[in-house]
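Notes follow once the structure below has been shown.
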Amino acid sequence: MFESEVQIRVRYAETDQMGYVYYGNYGAYYEVARTEVFRRLGIHYKEMEATGTMMPVLELKCKYIRPAKYDDLLTIKLFVKHKPHGTRIKFEYEVYNEEQTLLNIGETTMVFVDMQTGRPTAIPELIHQKMDSYFSE
């Protein structure tokens with residue numbers, strides 16, 4: 001299993017009239033976690049796209065447990081519980097506040113797509129090189 005985490009401070013513009021993080025922002029928080037964690041592994045979306053492979057979201061799940069609020073320092077824990085295979089990779093997330101209270105859980109399934117054909121394609125070898133060692137056979 002692979003796991004990592006990133007921290008994000010809630011900005012005022014991300015909150016609603018009640019001072020809670022607007023529900024639609026959690027998908028963006030998940031994206032920040034994916035992008036930063038991949039960057040730490042040496043995988044860069046921009047470079048992957050330059051080689052002709054994109055990684056759109058196929059499915060997003062999000063469960064709200066408690067509200068995040070303006071100026072909270074959130075910790076987004078990212079998990080890849082199963083070795084990526086085929087054309088997809090599934091990320092799971094847990095969002096905590098500074099008191100380590102679980103606020104939100106979610107997951108995204110991403111599909112690798114050939115940018116010329118628009119069709120699913122095999123997971124790039126670089127991703128296997130960087131991630132496979134985290135999974136037992």
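Going by the structure tokens order, chains are called A, B, ..., each with residues numbered from 1, while ligands are numbered from 1 in the order shown.
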
>> Let's see if you can do this: from backbone DSSP, list all helix (DSSP H, G or I) residues in chain A, as a VMD selection string.
In response: chain A and resid 12 to 14 25 to 41 45 to 50 125 to 134

>> Can you tell me which residues surround Leu126 in chain A at a distance of at most 12 Å, considering only C-alpha atoms, apart from same-chain residues fewer than 2 positions away, and format the answer as a PyMOL selection string?
In response: chain A and resi 38+41-45+47-48+51+53+84+122-124+128-132

Resulting file, chosen residues, C-alpha atoms, as a compact mmCIF listing (two decimals), in the first residue's frame:
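part.txt written:
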```txt
# COMPACT_ATOMS: atom_id res chain seq x y z
CA PHE A 38 3.03 12.28 -7.67
CA LEU A 41 7.56 10.42 -6.47
CA GLY A 42 9.05 12.04 -9.57
CA ILE A 43 5.87 11.74 -11.65
CA HIS A 44 4.76 15.01 -13.24
CA TYR A 45 1.32 15.37 -14.86
CA GLU A 47 5.38 15.66 -18.52
CA MET A 48 2.97 12.72 -18.78
CA THR A 51 4.12 12.29 -23.89
CA THR A 53 -1.21 10.45 -21.91
CA PRO A 84 -2.27 0.05 -10.24
CA ALA A 122 -2.02 1.21 -20.37
CA ILE A 123 -0.63 2.82 -17.25
CA PRO A 124 2.67 4.49 -18.17
CA HIS A 128 4.92 1.30 -12.38
CA GLN A 129 8.60 2.11 -11.79
CA LYS A 130 7.77 4.60 -9.04
CA MET A 131 4.87 2.81 -7.33
CA ASP A 132 5.09 -0.97 -7.74
```

> Of the candidates A:Lys81, A:Val111, A:Gln17, A:Asp71, which shows the shortest atom-to-atom distance to Glu98 in chain A, using only C-alpha atoms?
Replying inline: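 Distance minimum relative to Glu98 in chain A lands on A:Asp71.
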
> Contacts of range 28-34 of chain A at 9 Å or less, counting only C-alpha atoms, minus same-chain residues fewer than 2 places along, as an MDAnalysis selection string?
Replying inline: chainID A and resid 4:8 24:26 36:39 76:78 91:93 106:108

> Could you write out, as an MDAnalysis selection string, all the residues of range 7-124 of chain A that DSSP marks as strand (DSSP E or B)?
Replying inline: chainID A and resid 7:9 15 20:21 53:54 57:64 69 73:80 85 88:96 102:111 113:114 120

>> Between CA of Val95 in chain A and CA of Ile127 in chain A, what is the distance in Å, rounded to a tenth?
In response: 24.5 Å

> If you count only C-alpha atoms, which residues fall within 8 Å of Val80 in chain A, apart from same-chain ones fewer than 4 positions away, as a count of residues only?
Replying inline: 7

>> With only C-alpha atoms as the counted atoms, please give the residues lying no more than 10 Å from Phe112 in chain A, apart from itself and same-chain residues fewer than 3 positions off, as an MDAnalysis selection string.
In response: chainID A and resid 53:58 86:89 115 118:124

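For Thr15 in chain A, the non-local neighbours within 12 Å, defined as residues at least 2 positions apart in the same chain or in other chains and counting only C-alpha atoms, are Arg9, Val10, Arg11, Tyr12, Ala13, Gln17, Met18, Gly19, Tyr20, Val21, Tyr22, Tyr23, Gly24, Asn25, Tyr26, Pro67, Ala68, Lys69, Tyr70, Asp71 and Asp72 of chain A.
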